[in-house]
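J.: My structure is stored as protein_6.csv, with CSV, C-alpha atoms and all ligand atoms.
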chain,number,residue,atom,x,y,z
S,1,MET,CA,-8.5,5.9,-19.5
S,2,GLY,CA,-9.3,7.4,-16.1
S,3,TRP,CA,-11.8,9.3,-14.1
S,4,ILE,CA,-11.4,11.9,-11.4
S,5,GLY,CA,-13.8,14.2,-9.6
S,6,ALA,CA,-14.0,16.2,-6.4
S,7,VAL,CA,-16.6,17.4,-3.9
S,8,GLU,CA,-16.6,21.0,-2.6
S,9,GLN,CA,-16.5,21.3,1.2
S,10,TYR,CA,-15.9,23.9,3.9
S,11,GLU,CA,-17.3,26.7,1.7
S,12,GLY,CA,-14.9,25.9,-1.1
S,13,ASN,CA,-11.7,26.0,1.0
S,14,VAL,CA,-11.4,22.2,0.9
S,15,TRP,CA,-12.2,19.7,-1.9
S,16,GLU,CA,-12.5,16.0,-1.5
S,17,ILE,CA,-11.3,13.7,-4.3
S,18,HIS,CA,-14.0,11.3,-5.3
S,19,PRO,CA,-13.7,9.3,-7.4
S,20,LEU,CA,-10.3,8.5,-8.8
S,21,ILE,CA,-9.8,5.5,-11.0
S,22,VAL,CA,-7.5,4.6,-13.8
S,23,ARG,CA,-8.3,1.7,-16.2
S,24,ALA,CA,-6.6,-1.4,-14.9
S,25,ASP,CA,-4.5,-2.0,-18.1
S,26,SER,CA,-3.3,1.6,-18.1
S,27,ARG,CA,-1.9,2.0,-14.6
S,28,ARG,CA,1.6,3.0,-13.7
S,29,GLN,CA,2.0,5.1,-16.8
S,30,GLY,CA,1.5,8.5,-15.1
S,31,ILE,CA,-2.2,8.9,-15.9
S,32,GLY,CA,-3.3,9.1,-12.2
S,33,ARG,CA,-0.7,11.8,-11.5
S,34,SER,CA,-1.9,13.7,-14.6
S,35,LEU,CA,-5.5,13.5,-13.4
S,36,ILE,CA,-4.5,14.8,-9.9
S,37,ARG,CA,-2.5,17.7,-11.5
S,38,ASP,CA,-5.4,18.7,-13.7
S,39,LEU,CA,-7.8,18.5,-10.7
S,40,GLU,CA,-5.4,20.6,-8.6
S,41,ASN,CA,-5.5,23.4,-11.3
S,42,CYS,CA,-9.3,23.2,-11.4
S,43,VAL,CA,-9.6,23.6,-7.6
S,44,ILE,CA,-7.0,26.4,-7.5
S,45,LYS,CA,-9.0,28.3,-10.1
S,46,ARG,CA,-12.1,28.0,-7.9
S,47,GLY,CA,-10.1,29.3,-4.9
S,48,GLY,CA,-9.6,26.0,-3.1
S,49,LEU,CA,-6.8,25.8,-0.5
S,50,THR,CA,-6.7,22.0,0.2
S,51,LEU,CA,-7.3,18.8,-1.7
S,52,TRP,CA,-7.9,15.7,0.4
S,53,VAL,CA,-8.9,12.1,0.0
S,54,GLY,CA,-9.9,9.2,2.2
S,55,THR,CA,-8.2,6.0,1.0
S,56,ASP,CA,-9.6,2.8,2.6
S,57,ASP,CA,-7.6,-0.2,3.7
S,58,GLU,CA,-10.1,-3.0,3.6
S,59,ASN,CA,-7.8,-5.8,2.4
S,60,ASN,CA,-4.8,-5.8,4.7
S,61,GLN,CA,-2.7,-3.7,2.3
S,62,THR,CA,-0.9,-1.6,4.9
S,63,THR,CA,0.4,-2.0,8.4
S,64,LEU,CA,-2.6,0.1,9.7
S,65,SER,CA,-5.0,-2.8,9.0
S,66,GLN,CA,-5.7,-5.8,11.2
S,67,VAL,CA,-4.3,-4.0,14.3
S,68,ASN,CA,-5.8,-2.1,17.2
S,69,LEU,CA,-4.7,1.5,16.4
S,70,TYR,CA,-5.8,2.8,19.8
S,71,PRO,CA,-4.7,4.5,21.9
S,72,ASN,CA,-1.5,5.8,20.2
S,73,VAL,CA,-2.9,6.1,16.7
S,74,TRP,CA,-0.1,8.3,15.5
S,75,GLU,CA,2.6,5.8,16.5
S,76,HIS,CA,1.1,3.4,13.9
S,77,VAL,CA,0.7,6.2,11.3
S,78,VAL,CA,4.3,7.3,11.4
S,79,LYS,CA,5.5,3.7,10.9
S,80,ILE,CA,3.1,2.9,8.1
S,81,ARG,CA,4.4,0.5,5.5
S,82,ASN,CA,2.8,-0.6,2.2
S,83,LEU,CA,2.3,-4.4,2.2
S,84,LYS,CA,0.3,-4.8,-1.1
S,85,ASN,CA,0.2,-1.8,-3.4
S,86,HIS,CA,-2.1,0.4,-1.3
S,87,PRO,CA,-2.6,3.7,-3.1
S,88,TYR,CA,-1.6,5.8,-0.1
S,89,GLU,CA,1.9,5.7,-1.6
S,90,PHE,CA,0.6,6.9,-4.9
S,91,TYR,CA,-0.9,10.0,-3.1
S,92,GLN,CA,2.4,10.6,-1.3
S,93,LYS,CA,4.2,10.6,-4.6
S,94,CYS,CA,1.7,13.3,-5.7
S,95,GLY,CA,2.5,15.4,-2.7
S,96,PHE,CA,-0.2,14.3,-0.2
S,97,VAL,CA,0.6,13.6,3.5
S,98,ILE,CA,-1.4,11.6,6.0
S,99,VAL,CA,-3.5,13.9,8.1
S,100,GLY,CA,-5.5,11.3,10.0
S,101,VAL,CA,-6.9,7.9,10.1
S,102,MET,CA,-10.4,6.5,11.1
S,103,PRO,CA,-9.9,3.2,12.8
S,104,ASP,CA,-12.5,0.5,11.9
S,105,ALA,CA,-14.1,2.7,9.3
S,106,ASN,CA,-14.9,-0.3,7.2
S,107,GLY,CA,-15.2,-2.9,10.0
S,108,ILE,CA,-12.9,-4.0,12.7
S,109,GLY,CA,-9.2,-3.6,11.6
S,110,LYS,CA,-10.2,-1.9,8.3
S,111,PRO,CA,-9.3,1.8,8.6
S,112,ASP,CA,-9.8,4.8,6.3
S,113,ILE,CA,-6.6,6.8,5.8
S,114,TYR,CA,-7.0,10.5,5.3
S,115,MET,CA,-4.5,12.4,3.1
S,116,ALA,CA,-4.3,16.0,2.2
S,117,LYS,CA,-2.3,18.4,0.0
S,118,SER,CA,-2.0,22.2,0.3
S,119,LEU,CA,-2.6,24.1,-2.9
S,120,HIS,CA,-1.2,27.3,-1.6
S,121,SER,CA,1.9,28.6,0.0
S,122,ILE,CA,1.4,29.9,3.5
S,123,ASP,CA,4.0,32.6,2.8
S,124,SER,CA,2.4,33.9,-0.3
S,201,LIG,C1,-4.4,4.6,-7.5
S,201,LIG,C2,-4.4,4.8,-9.1
S,201,LIG,C3,-5.4,5.9,-9.4
S,201,LIG,C4,-3.0,5.3,-9.5
S,201,LIG,O1,-3.1,5.6,-10.9
S,201,LIG,P1,-1.8,5.4,-11.9
S,201,LIG,O2,-2.1,5.9,-13.2
S,201,LIG,O3,-1.4,3.9,-11.8
S,201,LIG,O4,-0.7,6.2,-11.1
S,201,LIG,P2,0.7,6.9,-11.8
S,201,LIG,O5,1.2,6.0,-12.9
S,201,LIG,O6,0.4,8.3,-12.1
S,201,LIG,O7,1.7,6.8,-10.5
S,201,LIG,C5,2.4,7.9,-10.0
S,201,LIG,C6,3.4,7.3,-9.0
S,201,LIG,O8,2.8,6.5,-8.0
S,201,LIG,C7,3.2,5.2,-8.0
S,201,LIG,N1,2.1,4.3,-7.7
S,201,LIG,C8,0.9,4.2,-8.4
S,201,LIG,N2,0.1,3.3,-7.8
S,201,LIG,C9,0.7,2.9,-6.7
S,201,LIG,C10,0.4,2.0,-5.7
S,201,LIG,N3,-0.8,1.3,-5.7
S,201,LIG,N4,1.3,1.7,-4.7
S,201,LIG,C11,2.5,2.3,-4.7
S,201,LIG,N5,2.9,3.3,-5.6
S,201,LIG,C12,2.0,3.5,-6.6
S,201,LIG,C13,3.7,4.9,-9.4
S,201,LIG,O9,4.6,3.9,-9.4
S,201,LIG,C14,4.4,6.3,-9.7
S,201,LIG,O10,5.6,6.3,-9.0
S,201,LIG,P3,6.9,7.0,-9.7
S,201,LIG,O11,6.6,8.4,-9.9
S,201,LIG,O12,8.0,6.7,-8.6
S,201,LIG,O13,7.1,6.2,-10.9
S,201,LIG,C15,-4.7,3.5,-9.8
S,201,LIG,O14,-3.9,2.5,-9.4
S,201,LIG,C16,-6.2,3.0,-9.6
S,201,LIG,O15,-7.1,3.4,-10.4
S,201,LIG,N6,-6.4,2.1,-8.6
S,201,LIG,C17,-7.7,1.6,-8.4
S,201,LIG,C18,-8.7,2.6,-7.8
S,201,LIG,C19,-8.1,3.3,-6.6
S,201,LIG,O16,-7.5,2.7,-5.7
S,201,LIG,N7,-8.4,4.6,-6.5
S,201,LIG,C20,-8.0,5.4,-5.4
S,201,LIG,C21,-9.1,5.4,-4.3
S,201,LIG,S1,-8.6,6.4,-2.9
Give the structure from the file, written as structure tokens.

T.:
Amino acid sequence: MGWIGAVEQYEGNVWEIHPLIVRADSRRQGIGRSLIRDLENCVIKRGGLTLWVGTDDENNQTTLSQVNLYPNVWEHVVKIRNLKNHPYEFYQKCGFVIVGVMPDANGIGKPDIYMAKSLHSIDS
């Protein structure tokens, strides 16, 4: 039904989601969220503090594509809108926030959007 994995980074403090995919005919049924939740528990058990993902926009799916993001990159980021079902909104619904963007990562006007989620409370 789906497949999720993660790569350990920063001596285990940070884990990068790769890959995440849910079978096309089984999407929007909560499977992606369940996979994320399960991965979060696995990473917490291994002492990870942060889960992150790079989610490309190669097909003009958000307002961050086909524009020059320089020099005020964050002005574009705070006004991001989903034009064609880009998964950044899925990650937001799972508690991730945008922590960065790499302009032109996949060619001119095709950025990679970096999203992260804390797996610990700073107060604890
Ligand atoms: C992105 C993906 C993993 C989401 O999996 P899913 O099983 O469909 O997600 P869920 O059903 O758990 O969705 C959880 C929430 O996110 C929303 N959501 C899911 N995909 C979305 C999208 N593309 N755009 C906007 N919202 C989305 C759902 O509507 C749901 O919202 P709700 O809680 O308000 O009902 C799946 O669409 C997929 O495999 N896409 C192709 C591969 C891909 O893009 N992988 C990510 C690479 S970074």

J.: Residues within 6 Å of ligand LIG 201 (chain S) (all atoms listed in the file), as number ranges by chain?

T.: S: 20-22, 27-33, 54-55, 85-87, 89-90, 93

J.: With distances taken over only C-alpha atoms, which residue among S:Thr63, S:Ile122, S:Tyr88, S:Ile36 lies nearest Glu75 in chain S?

T.: S:Thr63

J.: List the neighbours of Glu11 in chain S out to 12 Å using all atoms listed in the file; skip same-chain residues closer than 3 positions along the sequence, and give me the result as a list in words.

T.: Val7, Glu8, Val14, Trp15, Arg46, Gly47, Gly48, Leu49 and Thr50 of chain S

J.: Tell me, as number ranges by chain, which residues lie within 12 Å of Tyr70 in chain S, counting only C-alpha atoms; anything in the same chain fewer than 5 positions away does not count.

T.: S: 64, 75-77, 101-104, 109, 111

J.: Find, counting all atoms listed in the file, the residue in S:Asn106, S:Ser118, S:Gln9, S:Thr62 that gets nearest to Cys94 in chain S.

T.: S:Ser118

J.: Got a sec: who's within 12 Å of Lys117 in chain S, counting only C-alpha atoms, leaving out chain neighbours fewer than 2 positions off, as a PyMOL selection string?

T.: chain S and resi 14-17+36-37+40+43-44+48-53+91-99+114-115+119-121

J.: Just the number, please: distance in Å from CA of Leu35 in chain S to CA of Arg23 in chain S, one decimal.

T.: 12.4 Å

J.: Using CA of Asn13 in chain S and CA of Cys42 in chain S as the two end points, give the distance in Å to one decimal.

T.: 12.9 Å
